[in-house]
>>> print(open('upload-v1.cif').read())   # mmCIF, C-alpha atoms
data_query
#
loop_
_atom_site.label_atom_id
_atom_site.label_comp_id
_atom_site.auth_asym_id
_atom_site.auth_seq_id
_atom_site.Cartn_x
_atom_site.Cartn_y
_atom_site.Cartn_z
CA MET A 259 -19.05 10.39 2.81
CA THR A 260 -21.19 9.65 -0.28
CA VAL A 261 -22.52 6.27 -1.38
CA TRP A 262 -20.03 6.33 -4.26
CA ASP A 263 -17.06 6.18 -1.87
CA ASP A 264 -17.79 2.49 -1.27
CA LEU A 265 -17.19 1.58 -4.92
CA VAL A 266 -13.59 0.41 -4.73
CA GLY A 267 -11.74 0.78 -8.03
CA GLN A 268 -14.94 1.50 -10.00
CA GLU A 269 -14.53 5.20 -10.72
CA LYS A 270 -15.84 5.03 -14.30
CA VAL A 271 -18.94 3.08 -13.26
CA ALA A 272 -19.57 5.50 -10.37
CA GLU A 273 -19.41 8.43 -12.81
CA GLN A 274 -21.96 6.80 -15.14
CA LEU A 275 -24.34 5.93 -12.32
CA GLY A 276 -23.98 9.37 -10.78
CA ALA A 277 -25.09 10.93 -14.06
CA ALA A 278 -28.00 8.50 -14.31
CA ALA A 279 -29.05 9.26 -10.70
CA ARG A 280 -29.00 12.99 -11.46
CA ASP A 281 -31.26 12.48 -14.48
CA ALA A 282 -33.53 10.16 -12.47
CA ASP A 283 -33.89 12.86 -9.85
CA ALA A 284 -34.79 15.39 -12.56
CA LEU A 285 -37.45 13.02 -13.94
CA VAL A 286 -39.14 12.63 -10.55
CA THR A 287 -38.95 16.37 -9.85
CA ALA A 288 -40.45 17.17 -13.27
CA ALA A 289 -43.33 14.75 -12.66
CA ALA A 290 -44.00 16.28 -9.23
CA THR A 291 -43.96 19.89 -10.43
CA GLY A 292 -45.61 19.38 -13.80
CA THR A 293 -42.62 20.72 -15.69
CA PRO A 294 -41.38 19.08 -18.91
CA PRO A 295 -38.91 16.18 -18.29
CA PRO A 296 -35.35 16.35 -19.64
CA GLU A 297 -35.14 15.69 -23.37
CA ALA A 298 -32.22 13.29 -23.07
CA SER A 299 -31.78 11.09 -20.02
CA LYS A 300 -29.06 8.67 -18.97
CA MET A 301 -31.59 6.90 -16.74
CA THR A 302 -33.29 3.65 -17.77
CA HIS A 303 -35.66 1.16 -16.14
CA ALA A 304 -33.33 -1.89 -15.99
CA TRP A 305 -29.63 -2.31 -15.30
CA LEU A 306 -27.35 -5.34 -15.41
CA PHE A 307 -24.16 -5.25 -13.33
CA THR A 308 -21.57 -7.90 -14.15
CA GLY A 309 -18.03 -8.53 -13.01
CA PRO A 310 -15.78 -11.13 -11.39
CA PRO A 311 -16.29 -12.26 -7.77
CA GLY A 312 -15.21 -9.56 -5.36
CA ALA A 313 -15.65 -6.67 -7.79
CA GLY A 314 -18.59 -5.44 -5.70
CA ARG A 315 -21.59 -5.96 -7.99
CA THR A 316 -24.12 -5.89 -5.16
CA GLN A 317 -22.41 -2.92 -3.46
CA VAL A 318 -22.57 -0.94 -6.71
CA ALA A 319 -26.24 -1.78 -7.22
CA ARG A 320 -27.11 -0.88 -3.63
CA ALA A 321 -25.21 2.41 -3.87
CA PHE A 322 -27.19 3.25 -7.01
CA ALA A 323 -30.44 2.31 -5.25
CA ALA A 324 -29.51 4.67 -2.41
CA ALA A 325 -28.75 7.48 -4.85
CA LEU A 326 -32.15 6.99 -6.50
CA GLN A 327 -33.84 7.36 -3.10
CA CYS A 328 -31.66 10.28 -1.96
CA ILE A 329 -33.62 13.23 -0.51
CA SER A 330 -30.68 15.47 0.40
CA PRO A 331 -31.42 19.20 -0.09
CA ASP A 332 -28.01 19.51 -1.79
CA ARG A 333 -29.58 18.04 -4.93
CA ALA A 334 -31.36 21.33 -5.59
CA LEU A 335 -27.98 23.07 -5.55
CA GLY A 336 -26.54 20.84 -8.25
CA GLY A 337 -25.15 18.11 -5.99
CA VAL A 338 -25.04 14.50 -7.17
CA PRO A 339 -27.71 12.35 -5.48
CA GLY A 340 -26.24 9.82 -3.04
CA CYS A 341 -25.16 11.88 -0.05
CA GLY A 342 -24.98 8.80 2.16
CA PHE A 343 -26.49 10.58 5.19
CA CYS A 344 -30.14 11.34 4.46
CA ASP A 345 -32.91 8.94 5.45
CA GLY A 346 -33.36 7.72 1.88
CA CYS A 347 -29.68 6.86 1.44
CA HIS A 348 -29.24 5.38 4.92
CA THR A 349 -32.25 3.04 4.82
CA ALA A 350 -31.45 1.90 1.27
CA LEU A 351 -27.87 1.06 2.22
CA ILE A 352 -28.81 -0.97 5.31
CA GLY A 353 -31.68 -2.73 3.56
CA THR A 354 -34.70 -1.29 5.39
CA HIS A 355 -36.09 1.12 2.78
CA ALA A 356 -39.72 0.30 2.01
CA ASP A 357 -39.21 0.86 -1.71
CA VAL A 358 -35.98 -1.11 -2.16
CA THR A 359 -36.63 -4.84 -2.43
CA THR A 360 -33.67 -7.22 -2.43
CA VAL A 361 -33.91 -10.72 -3.87
CA ALA A 362 -31.14 -13.24 -3.16
CA ALA A 363 -30.93 -16.96 -3.83
CA VAL A 364 -31.84 -19.00 -0.76
CA GLY A 365 -30.67 -22.27 -2.28
CA THR A 366 -28.97 -22.98 -5.57
CA GLN A 367 -31.77 -21.29 -7.54
CA ILE A 368 -34.17 -18.37 -7.28
CA LEU A 369 -37.54 -20.07 -7.63
CA ALA A 370 -40.64 -18.61 -9.25
CA ASP A 371 -42.37 -18.68 -5.87
CA ASP A 372 -39.60 -16.48 -4.46
CA MET A 373 -40.16 -13.92 -7.25
CA ARG A 374 -43.96 -13.84 -7.38
CA ASP A 375 -44.54 -11.19 -4.68
CA THR A 376 -41.54 -9.17 -5.86
CA VAL A 377 -42.79 -9.03 -9.46
CA ARG A 378 -46.22 -8.00 -8.19
CA LYS A 379 -44.66 -5.24 -6.11
CA SER A 380 -42.67 -3.96 -9.09
CA PHE A 381 -45.92 -2.84 -10.73
CA THR A 382 -46.89 -0.62 -7.80
CA SER A 383 -45.95 3.00 -7.20
CA PRO A 384 -43.33 3.84 -4.55
CA ALA A 385 -44.81 3.96 -1.04
CA ASN A 386 -42.73 6.86 0.24
CA GLY A 387 -39.53 6.85 -1.83
CA ARG A 388 -38.76 8.36 -5.19
CA TRP A 389 -38.42 5.06 -7.08
CA GLN A 390 -39.54 1.46 -6.67
CA VAL A 391 -36.21 -0.41 -6.81
CA ILE A 392 -35.91 -4.19 -7.25
CA LEU A 393 -32.37 -5.49 -6.64
CA VAL A 394 -31.68 -9.09 -7.69
CA GLU A 395 -28.32 -10.09 -6.17
CA ASP A 396 -27.97 -13.46 -7.93
CA ALA A 397 -29.56 -13.03 -11.35
CA GLU A 398 -27.52 -15.98 -12.63
CA ARG A 399 -29.51 -18.22 -10.27
CA LEU A 400 -32.87 -17.40 -11.80
CA ASN A 401 -34.38 -20.60 -13.18
CA GLU A 402 -36.47 -20.66 -16.34
CA LYS A 403 -39.78 -19.83 -14.65
CA SER A 404 -38.47 -17.08 -12.40
CA ALA A 405 -36.45 -15.55 -15.26
CA ASN A 406 -39.58 -15.45 -17.42
CA ALA A 407 -41.43 -13.69 -14.59
CA VAL A 408 -38.67 -11.07 -14.45
CA LEU A 409 -38.77 -10.73 -18.25
CA LYS A 410 -42.47 -9.84 -18.20
CA ALA A 411 -41.83 -7.21 -15.52
CA VAL A 412 -38.83 -5.73 -17.34
CA GLU A 413 -40.63 -5.62 -20.69
CA GLU A 414 -43.43 -3.38 -19.41
CA PRO A 415 -42.28 -1.80 -16.12
CA ALA A 416 -44.20 0.72 -14.08
CA PRO A 417 -43.15 4.34 -14.76
CA ARG A 418 -41.07 4.67 -11.58
CA THR A 419 -39.76 1.13 -11.19
CA VAL A 420 -36.09 0.25 -11.65
CA TRP A 421 -34.66 -3.29 -11.88
CA LEU A 422 -31.02 -3.82 -10.82
CA LEU A 423 -29.70 -7.27 -11.77
CA CYS A 424 -26.29 -8.59 -10.64
CA ALA A 425 -24.50 -11.55 -12.26
CA PRO A 426 -20.91 -12.71 -12.84
CA SER A 427 -21.14 -12.30 -16.62
CA ILE A 428 -23.63 -11.22 -19.25
CA GLU A 429 -23.82 -14.81 -20.54
CA ASP A 430 -25.25 -15.91 -17.17
CA VAL A 431 -28.49 -14.01 -17.86
CA LEU A 432 -31.15 -14.98 -20.40
CA PRO A 433 -30.63 -13.10 -23.70
CA THR A 434 -34.24 -11.88 -23.60
CA VAL A 435 -33.66 -10.32 -20.17
CA ARG A 436 -30.20 -8.85 -20.73
CA SER A 437 -31.26 -7.29 -24.05
CA ARG A 438 -33.65 -5.07 -22.08
CA CYS A 439 -31.04 -3.92 -19.56
CA ARG A 440 -28.27 -1.35 -19.69
CA HIS A 441 -25.08 -3.31 -19.06
CA LEU A 442 -22.23 -2.11 -16.85
CA ASN A 443 -19.19 -4.36 -16.41
CA LEU A 444 -17.10 -3.98 -13.25
CA LEU A 445 -13.37 -4.64 -13.07
CA THR A 446 -11.46 -6.42 -10.33
CA PRO A 447 -10.15 -3.68 -8.01
CA SER A 448 -6.38 -3.39 -7.72
CA VAL A 449 -4.68 -4.70 -4.59
CA ASP A 450 -3.60 -1.16 -3.71
CA ALA A 451 -7.18 0.16 -4.02
CA VAL A 452 -8.53 -2.55 -1.71
CA ALA A 453 -5.77 -1.99 0.84
CA ASP A 454 -6.44 1.75 0.78
CA MET A 455 -10.15 1.10 1.40
CA LEU A 456 -9.39 -1.11 4.40
CA VAL A 457 -7.20 1.58 5.94
CA ARG A 458 -9.68 4.44 5.31
CA ARG A 459 -13.00 2.71 5.99
CA GLU A 460 -12.13 -0.03 8.48
CA GLY A 461 -9.21 1.54 10.34
CA ILE A 462 -6.95 -1.42 9.58
CA GLU A 463 -3.20 -1.02 10.01
CA PRO A 464 -1.52 -0.58 6.59
CA PRO A 465 0.62 -3.77 6.75
CA VAL A 466 -2.41 -5.90 7.72
CA ALA A 467 -4.56 -4.25 5.04
CA ALA A 468 -1.91 -4.82 2.38
CA ALA A 469 -1.54 -8.50 3.36
CA ALA A 470 -5.31 -9.08 3.27
CA ALA A 471 -5.71 -7.34 -0.09
CA ARG A 472 -2.79 -9.26 -1.57
CA ALA A 473 -4.03 -12.62 -0.23
CA THR A 474 -7.51 -12.13 -1.73
CA GLN A 475 -6.26 -10.62 -5.01
CA GLY A 476 -8.65 -7.67 -5.00
CA HIS A 477 -11.76 -9.43 -3.64
CA VAL A 478 -13.26 -6.61 -1.54
CA ASP A 479 -15.56 -8.59 0.78
CA ARG A 480 -13.04 -11.36 1.45
CA ALA A 481 -10.29 -8.82 2.09
CA ARG A 482 -12.49 -6.98 4.60
CA ARG A 483 -13.37 -10.22 6.37
CA LEU A 484 -9.78 -11.45 6.41
CA ALA A 485 -8.56 -8.15 7.84
CA THR A 486 -11.23 -7.86 10.54
CA ASP A 487 -12.04 -11.46 11.54
CA PRO A 488 -9.35 -13.53 13.33
CA ALA A 489 -11.41 -16.70 12.81
CA ALA A 490 -11.34 -16.13 9.03
CA ARG A 491 -7.54 -15.86 9.15
CA GLU A 492 -7.34 -19.10 11.13
CA ARG A 493 -9.54 -20.96 8.63
CA ARG A 494 -7.48 -19.70 5.72
CA ALA A 495 -4.24 -20.74 7.44
CA ALA A 496 -5.68 -24.24 7.94
CA VAL A 497 -6.61 -24.47 4.25
CA LEU A 498 -3.12 -23.45 3.17
CA LYS A 499 -1.67 -26.31 5.22
CA LEU A 500 -3.70 -28.88 3.30
CA PRO A 501 -1.13 -29.39 0.49
CA LEU A 502 1.33 -30.71 3.07
CA ARG A 503 -1.21 -33.17 4.51
CA VAL A 504 -1.99 -35.20 1.39
CA GLU A 505 1.14 -37.32 1.33
CA ASP A 506 -0.78 -40.56 2.04
CA VAL A 507 -4.32 -41.85 1.58
CA GLY A 508 -5.20 -41.49 5.24
CA GLY A 509 -4.05 -37.88 5.25
CA CYS A 510 -6.12 -37.17 2.13
CA LEU A 511 -9.32 -38.54 3.65
CA LYS A 512 -8.77 -36.81 6.98
CA ALA A 513 -8.03 -33.45 5.34
CA ALA A 514 -11.16 -33.77 3.20
CA GLN A 515 -13.33 -34.56 6.21
CA GLU A 516 -11.96 -31.60 8.18
CA LEU A 517 -12.52 -29.23 5.25
CA VAL A 518 -16.16 -30.32 4.87
CA ASP A 519 -16.73 -30.21 8.64
CA ALA A 520 -15.37 -26.66 8.82
CA ALA A 521 -17.74 -25.56 6.05
CA ALA A 522 -20.66 -27.25 7.81
CA GLU A 523 -19.78 -25.49 11.06
CA ASP A 524 -19.71 -22.13 9.25
CA ALA A 525 -23.16 -22.85 7.82
CA LYS A 526 -24.45 -23.90 11.22
CA GLN A 527 -23.25 -20.71 12.90
CA LEU A 528 -24.87 -18.50 10.26
CA ALA A 529 -28.07 -20.56 10.43
CA GLU A 530 -28.31 -20.20 14.19
CA GLU A 531 -28.10 -16.43 13.82
CA LYS A 532 -30.79 -16.17 11.12
CA ASP A 533 -33.10 -19.15 11.56
CA GLY A 534 -34.11 -18.51 15.15
CA LYS A 535 -34.94 -14.87 14.47
CA GLU A 536 -36.92 -15.71 11.32
CA THR A 537 -38.88 -18.44 13.07
CA GLU A 538 -39.83 -16.25 16.03
CA GLU A 539 -40.84 -13.36 13.75
CA LEU A 540 -43.05 -15.65 11.66
CA LYS A 541 -44.66 -17.19 14.73
CA ALA A 542 -45.46 -13.74 16.07
CA ALA A 543 -46.88 -12.69 12.70
CA LEU A 544 -49.07 -15.80 12.59
CA GLY A 545 -50.40 -15.12 16.11
CA ALA A 546 -48.71 -17.87 18.11
CA SER A 547 -49.89 -18.10 21.70
CA GLN A 548 -47.59 -17.31 24.59
CA GLY A 549 -46.86 -20.99 25.15
CA GLY A 550 -45.70 -21.36 21.55
CA ARG A 551 -48.83 -23.11 20.27
CA MET A 552 -49.50 -22.26 16.63
CA PRO A 553 -52.99 -21.44 15.27
CA ARG A 554 -54.65 -24.01 13.05
CA GLY A 555 -53.81 -23.91 9.38
CA THR A 556 -50.30 -22.47 9.83
CA ALA A 557 -48.32 -25.72 9.71
CA GLY A 558 -47.78 -25.39 5.96
CA VAL A 559 -46.35 -21.89 6.33
CA MET A 560 -43.91 -23.06 8.99
CA LYS A 561 -42.91 -26.02 6.80
CA ASP A 562 -42.18 -23.65 3.90
CA LEU A 563 -39.91 -21.61 6.17
CA GLU A 564 -38.07 -24.74 7.33
CA ASP A 565 -37.52 -25.82 3.71
CA LYS A 566 -36.20 -22.37 2.85
CA GLN A 567 -33.80 -22.44 5.80
CA LYS A 568 -32.59 -25.91 4.83
CA ARG A 569 -31.83 -24.73 1.27
CA ARG A 570 -29.97 -21.73 2.66
CA ARG A 571 -27.82 -23.91 4.95
CA THR A 572 -26.90 -26.13 2.00
CA ARG A 573 -25.92 -23.15 -0.09
CA THR A 574 -23.96 -21.56 2.78
CA GLN A 575 -21.96 -24.77 3.26
CA ARG A 576 -21.15 -24.95 -0.43
CA ASP A 577 -20.22 -21.26 -0.54
CA SER A 578 -17.86 -21.78 2.42
CA LEU A 579 -16.28 -24.76 0.66
CA ASP A 580 -15.93 -22.75 -2.53
CA LEU A 581 -14.13 -20.02 -0.60
CA ALA A 582 -11.64 -22.58 0.74
CA LEU A 583 -11.12 -23.98 -2.77
CA THR A 584 -10.48 -20.45 -4.06
CA ASP A 585 -7.75 -20.00 -1.45
CA LEU A 586 -6.30 -23.37 -2.42
CA THR A 587 -6.28 -22.42 -6.10
CA GLY A 588 -4.42 -19.22 -5.25
CA PHE A 589 -1.88 -21.26 -3.29
CA TYR A 590 -1.05 -23.54 -6.23
CA ARG A 591 -1.04 -20.54 -8.55
CA ASP A 592 1.79 -19.16 -6.40
CA VAL A 593 3.59 -22.50 -6.58
CA LEU A 594 3.34 -22.42 -10.37
CA ALA A 595 4.62 -18.83 -10.47
CA LEU A 596 7.71 -19.87 -8.50
CA GLN A 597 8.29 -22.90 -10.72
CA LEU A 598 8.12 -20.81 -13.88
CA GLY A 599 10.19 -17.96 -12.46
CA SER A 600 7.34 -15.52 -13.00
CA ARG A 601 7.57 -11.98 -11.71
CA VAL A 602 3.92 -12.03 -10.71
CA ALA A 603 3.53 -10.98 -7.07
CA ILE A 604 3.02 -13.88 -4.66
CA ALA A 605 -0.43 -13.67 -3.05
CA ASN A 606 0.36 -15.96 -0.11
CA ALA A 607 3.57 -14.33 1.06
CA ASP A 608 2.90 -15.55 4.62
CA ALA A 609 3.34 -19.16 3.40
CA GLU A 610 6.42 -18.56 1.23
CA ASP A 611 8.48 -21.35 2.83
CA THR A 612 5.78 -23.91 2.06
CA LEU A 613 5.39 -22.57 -1.46
CA GLU A 614 9.09 -22.89 -2.19
CA ARG A 615 9.19 -26.40 -0.73
CA LEU A 616 6.36 -27.59 -3.00
CA ALA A 617 7.79 -25.73 -6.00
CA ARG A 618 11.10 -27.56 -5.62
CA GLY A 619 9.44 -30.95 -5.04
CA SER A 620 7.16 -31.02 -8.08
CA SER A 621 6.93 -29.98 -11.72
CA PRO A 622 4.83 -27.23 -13.33
CA GLU A 623 2.82 -29.95 -15.10
CA SER A 624 1.82 -31.58 -11.80
CA THR A 625 0.90 -28.19 -10.35
CA LEU A 626 -1.41 -27.53 -13.31
CA ARG A 627 -3.04 -30.93 -12.79
CA ARG A 628 -3.63 -30.03 -9.14
CA ILE A 629 -5.24 -26.73 -10.13
CA GLU A 630 -7.45 -28.66 -12.56
CA ALA A 631 -8.42 -31.06 -9.75
CA ILE A 632 -9.60 -28.12 -7.62
CA ALA A 633 -11.59 -26.75 -10.55
CA ALA A 634 -13.17 -30.18 -11.06
CA CYS A 635 -14.17 -30.25 -7.40
CA ARG A 636 -15.86 -26.85 -7.67
CA GLU A 637 -17.71 -28.01 -10.77
CA ALA A 638 -18.84 -31.18 -8.98
CA LEU A 639 -20.18 -29.11 -6.09
CA ASP A 640 -22.13 -26.99 -8.59
CA ARG A 641 -23.72 -30.21 -9.87
CA ASN A 642 -24.79 -31.07 -6.31
CA VAL A 643 -22.32 -33.92 -5.81
CA ALA A 644 -22.06 -34.84 -2.12
CA PRO A 645 -19.46 -32.43 -0.68
CA LEU A 646 -17.39 -35.11 1.08
CA LEU A 647 -17.13 -37.26 -2.06
CA ALA A 648 -16.12 -34.29 -4.19
CA VAL A 649 -13.48 -33.07 -1.73
CA GLU A 650 -12.08 -36.59 -1.16
CA ALA A 651 -11.66 -37.01 -4.93
CA MET A 652 -9.84 -33.67 -5.02
CA THR A 653 -7.44 -34.46 -2.16
CA MET A 654 -6.56 -37.81 -3.76
CA ALA A 655 -5.85 -36.00 -7.04
CA LEU A 656 -3.69 -33.45 -5.18
CA ARG A 657 -1.67 -36.35 -3.76
CA ALA A 658 -1.21 -37.95 -7.18
CA GLY A 659 -0.13 -34.68 -8.78
#
>>> encode(input="upload-v1.cif", output="structure tokens")
Amino acid sequence: MTVWDDLVGQEKVAEQLGAAARDADALVTAAATGTPPPEASKMTHAWLFTGPPGAGRTQVARAFAAALQCISPDRALGGVPGCGFCDGCHTALIGTHADVTTVAAVGTQILADDMRDTVRKSFTSPANGRWQVILVEDAERLNEKSANAVLKAVEEPAPRTVWLLCAPSIEDVLPTVRSRCRHLNLLTPSVDAVADMLVRREGIEPPVAAAAARATQGHVDRARRLATDPAARERRAAVLKLPLRVEDVGGCLKAAQELVDAAAEDAKQLAEEKDGKETEELKAALGASQGGRMPRGTAGVMKDLEDKQKRRRTRTQRDSLDLALTDLTGFYRDVLALQLGSRVAIANADAEDTLERLARGSSPESTLRRIEAIAACREALDRNVAPLLAVEAMTMALRAG
């Protein structure tokens, strides 16, 4: 199974990247053998992948990175790079390839300090791969300083360095950076395409796969998680009960507290998995003694790691809250569809009784105001408003209608 099989509903993009990977392979081969390079090439040194949440921007970029590092012998026979099985493909896909560097936002921004070593590495030749690949998962979170650092690297890249930037839209990236990138826009996969992927790749039963794909409206990662994780289904079910719990002030405040607590618990669980491992690895790298005593002069390094982990926990909590708010928006969207008699398919078919009850008990205007209240809450969280205050304001607005 090739790396392109993971690109759900992105056939056109996969075709373009496959052609670019083939030309990239020809360029490296020509340089190694001393033969003239191809006159016209679809390969370039910087790419910008945009698309709505769930379209698979990072998956597309990582598949392309794997194809660039592919060492399958089938390439010499005219095969498209990206076999998915060779060492180059496998290590690039799982994130352990020495020449594929991934940058992701730890907190709400990618700081210049986080980019310094990466930019320096981008000017070096590949260690053992065919290309030096820099994958920035959250290019929209680059602040002014870190974006300027990327700009300098993209303006004058090393001969075999490729930058892969991922962002929700082209407007989220500095004009000076995006003007130097080849832009590919991804579409939201269809519900049927996502359901088919869950059946083929995850072994999910067709009815469960269809329900998960429909509930997430084509969001690949959320559909996979919903179909494979019972805890995720339980959390979503709890969120969809919230509209029935905001009939009085006490219910609003309690529902808000429980929503924030659930997000905090999610962040805590993820932190426990990552933080302990990171801390132990850093201590070992710094030469900690068997009793855990750290060498002199390493306190600052440990403090930097703690600050990084704290920023990541904050972002994880907000991301978990945002996921719940997305589910809630979809719920009220279904209510509005019922009120207007729309033929649009209901995403939350498992909560149809509740949807019909709310549709009968309110007007389309009040439903729109509730959707706007959820959007205002998400915007407040983006501005770093205290999560509990933002969610309490939202639940009170949901009650008022």
>>> resolve_selection(input="upload-v1.cif", expression="the PyMOL selection byres ((chain A and resi 305-312) around 10)", output="PyMOL selection string")
chain A and resi 271+301-304+313-319+393-395+397+420-431+435-447+474-481
>>> write_last_selection(input="upload-v1.cif", atoms="C-alpha atoms", output="PDB file, keeping the file's coordinate frame")
ATOM      1  CA  VAL A 271     -18.940   3.080 -13.260  1.00  0.00           C
ATOM      2  CA  MET A 301     -31.590   6.900 -16.740  1.00  0.00           C
ATOM      3  CA  THR A 302     -33.290   3.650 -17.770  1.00  0.00           C
ATOM      4  CA  HIS A 303     -35.660   1.160 -16.140  1.00  0.00           C
ATOM      5  CA  ALA A 304     -33.330  -1.890 -15.990  1.00  0.00           C
ATOM      6  CA  ALA A 313     -15.650  -6.670  -7.790  1.00  0.00           C
ATOM      7  CA  GLY A 314     -18.590  -5.440  -5.700  1.00  0.00           C
ATOM      8  CA  ARG A 315     -21.590  -5.960  -7.990  1.00  0.00           C
ATOM      9  CA  THR A 316     -24.120  -5.890  -5.160  1.00  0.00           C
ATOM     10  CA  GLN A 317     -22.410  -2.920  -3.460  1.00  0.00           C
ATOM     11  CA  VAL A 318     -22.570  -0.940  -6.710  1.00  0.00           C
ATOM     12  CA  ALA A 319     -26.240  -1.780  -7.220  1.00  0.00           C
ATOM     13  CA  LEU A 393     -32.370  -5.490  -6.640  1.00  0.00           C
ATOM     14  CA  VAL A 394     -31.680  -9.090  -7.690  1.00  0.00           C
ATOM     15  CA  GLU A 395     -28.320 -10.090  -6.170  1.00  0.00           C
ATOM     16  CA  ALA A 397     -29.560 -13.030 -11.350  1.00  0.00           C
ATOM     17  CA  VAL A 420     -36.090   0.250 -11.650  1.00  0.00           C
ATOM     18  CA  TRP A 421     -34.660  -3.290 -11.880  1.00  0.00           C
ATOM     19  CA  LEU A 422     -31.020  -3.820 -10.820  1.00  0.00           C
ATOM     20  CA  LEU A 423     -29.700  -7.270 -11.770  1.00  0.00           C
ATOM     21  CA  CYS A 424     -26.290  -8.590 -10.640  1.00  0.00           C
ATOM     22  CA  ALA A 425     -24.500 -11.550 -12.260  1.00  0.00           C
ATOM     23  CA  PRO A 426     -20.910 -12.710 -12.840  1.00  0.00           C
ATOM     24  CA  SER A 427     -21.140 -12.300 -16.620  1.00  0.00           C
ATOM     25  CA  ILE A 428     -23.630 -11.220 -19.250  1.00  0.00           C
ATOM     26  CA  GLU A 429     -23.820 -14.810 -20.540  1.00  0.00           C
ATOM     27  CA  ASP A 430     -25.250 -15.910 -17.170  1.00  0.00           C
ATOM     28  CA  VAL A 431     -28.490 -14.010 -17.860  1.00  0.00           C
ATOM     29  CA  VAL A 435     -33.660 -10.320 -20.170  1.00  0.00           C
ATOM     30  CA  ARG A 436     -30.200  -8.850 -20.730  1.00  0.00           C
ATOM     31  CA  SER A 437     -31.260  -7.290 -24.050  1.00  0.00           C
ATOM     32  CA  ARG A 438     -33.650  -5.070 -22.080  1.00  0.00           C
ATOM     33  CA  CYS A 439     -31.040  -3.920 -19.560  1.00  0.00           C
ATOM     34  CA  ARG A 440     -28.270  -1.350 -19.690  1.00  0.00           C
ATOM     35  CA  HIS A 441     -25.080  -3.310 -19.060  1.00  0.00           C
ATOM     36  CA  LEU A 442     -22.230  -2.110 -16.850  1.00  0.00           C
ATOM     37  CA  ASN A 443     -19.190  -4.360 -16.410  1.00  0.00           C
ATOM     38  CA  LEU A 444     -17.100  -3.980 -13.250  1.00  0.00           C
ATOM     39  CA  LEU A 445     -13.370  -4.640 -13.070  1.00  0.00           C
ATOM     40  CA  THR A 446     -11.460  -6.420 -10.330  1.00  0.00           C
ATOM     41  CA  PRO A 447     -10.150  -3.680  -8.010  1.00  0.00           C
ATOM     42  CA  THR A 474      -7.510 -12.130  -1.730  1.00  0.00           C
ATOM     43  CA  GLN A 475      -6.260 -10.620  -5.010  1.00  0.00           C
ATOM     44  CA  GLY A 476      -8.650  -7.670  -5.000  1.00  0.00           C
ATOM     45  CA  HIS A 477     -11.760  -9.430  -3.640  1.00  0.00           C
ATOM     46  CA  VAL A 478     -13.260  -6.610  -1.540  1.00  0.00           C
ATOM     47  CA  ASP A 479     -15.560  -8.590   0.780  1.00  0.00           C
ATOM     48  CA  ARG A 480     -13.040 -11.360   1.450  1.00  0.00           C
ATOM     49  CA  ALA A 481     -10.290  -8.820   2.090  1.00  0.00           C
TER      50      ALA A 481
END
>>> residues_around(input="upload-v1.cif", residues="Glu630 of chain A", least_positions_apart="6", cutoff="12 Å", atoms="all atoms listed in the file", output="number ranges by chain")
A: 583, 586-587, 590-591, 623-624, 636-637, 652-653, 655-656, 659
>>> residues_around(input="upload-v1.cif", residues="Met455 of chain A", least_positions_apart="5", cutoff="12 Å", atoms="only C-alpha atoms", output="MDAnalysis selection string")
chainID A and resid 263:267 447:450 460:464 467:468 470:471 476:479 481:482 485
>>> write_last_selection(input="upload-v1.cif", atoms="C-alpha atoms", output="PDB file, keeping the file's coordinate frame")
ATOM      1  CA  ASP A 263     -17.060   6.180  -1.870  1.00  0.00           C
ATOM      2  CA  ASP A 264     -17.790   2.490  -1.270  1.00  0.00           C
ATOM      3  CA  LEU A 265     -17.190   1.580  -4.920  1.00  0.00           C
ATOM      4  CA  VAL A 266     -13.590   0.410  -4.730  1.00  0.00           C
ATOM      5  CA  GLY A 267     -11.740   0.780  -8.030  1.00  0.00           C
ATOM      6  CA  PRO A 447     -10.150  -3.680  -8.010  1.00  0.00           C
ATOM      7  CA  SER A 448      -6.380  -3.390  -7.720  1.00  0.00           C
ATOM      8  CA  VAL A 449      -4.680  -4.700  -4.590  1.00  0.00           C
ATOM      9  CA  ASP A 450      -3.600  -1.160  -3.710  1.00  0.00           C
ATOM     10  CA  GLU A 460     -12.130  -0.030   8.480  1.00  0.00           C
ATOM     11  CA  GLY A 461      -9.210   1.540  10.340  1.00  0.00           C
ATOM     12  CA  ILE A 462      -6.950  -1.420   9.580  1.00  0.00           C
ATOM     13  CA  GLU A 463      -3.200  -1.020  10.010  1.00  0.00           C
ATOM     14  CA  PRO A 464      -1.520  -0.580   6.590  1.00  0.00           C
ATOM     15  CA  ALA A 467      -4.560  -4.250   5.040  1.00  0.00           C
ATOM     16  CA  ALA A 468      -1.910  -4.820   2.380  1.00  0.00           C
ATOM     17  CA  ALA A 470      -5.310  -9.080   3.270  1.00  0.00           C
ATOM     18  CA  ALA A 471      -5.710  -7.340  -0.090  1.00  0.00           C
ATOM     19  CA  GLY A 476      -8.650  -7.670  -5.000  1.00  0.00           C
ATOM     20  CA  HIS A 477     -11.760  -9.430  -3.640  1.00  0.00           C
ATOM     21  CA  VAL A 478     -13.260  -6.610  -1.540  1.00  0.00           C
ATOM     22  CA  ASP A 479     -15.560  -8.590   0.780  1.00  0.00           C
ATOM     23  CA  ALA A 481     -10.290  -8.820   2.090  1.00  0.00           C
ATOM     24  CA  ARG A 482     -12.490  -6.980   4.600  1.00  0.00           C
ATOM     25  CA  ALA A 485      -8.560  -8.150   7.840  1.00  0.00           C
TER      26      ALA A 485
END
>>> resolve_selection(input="upload-v1.cif", expression="the PyMOL selection byres ((chain A and resi 504-509) around 9)", output="ChimeraX atom specification")
/A:500-503,510-514,653-654,656-658
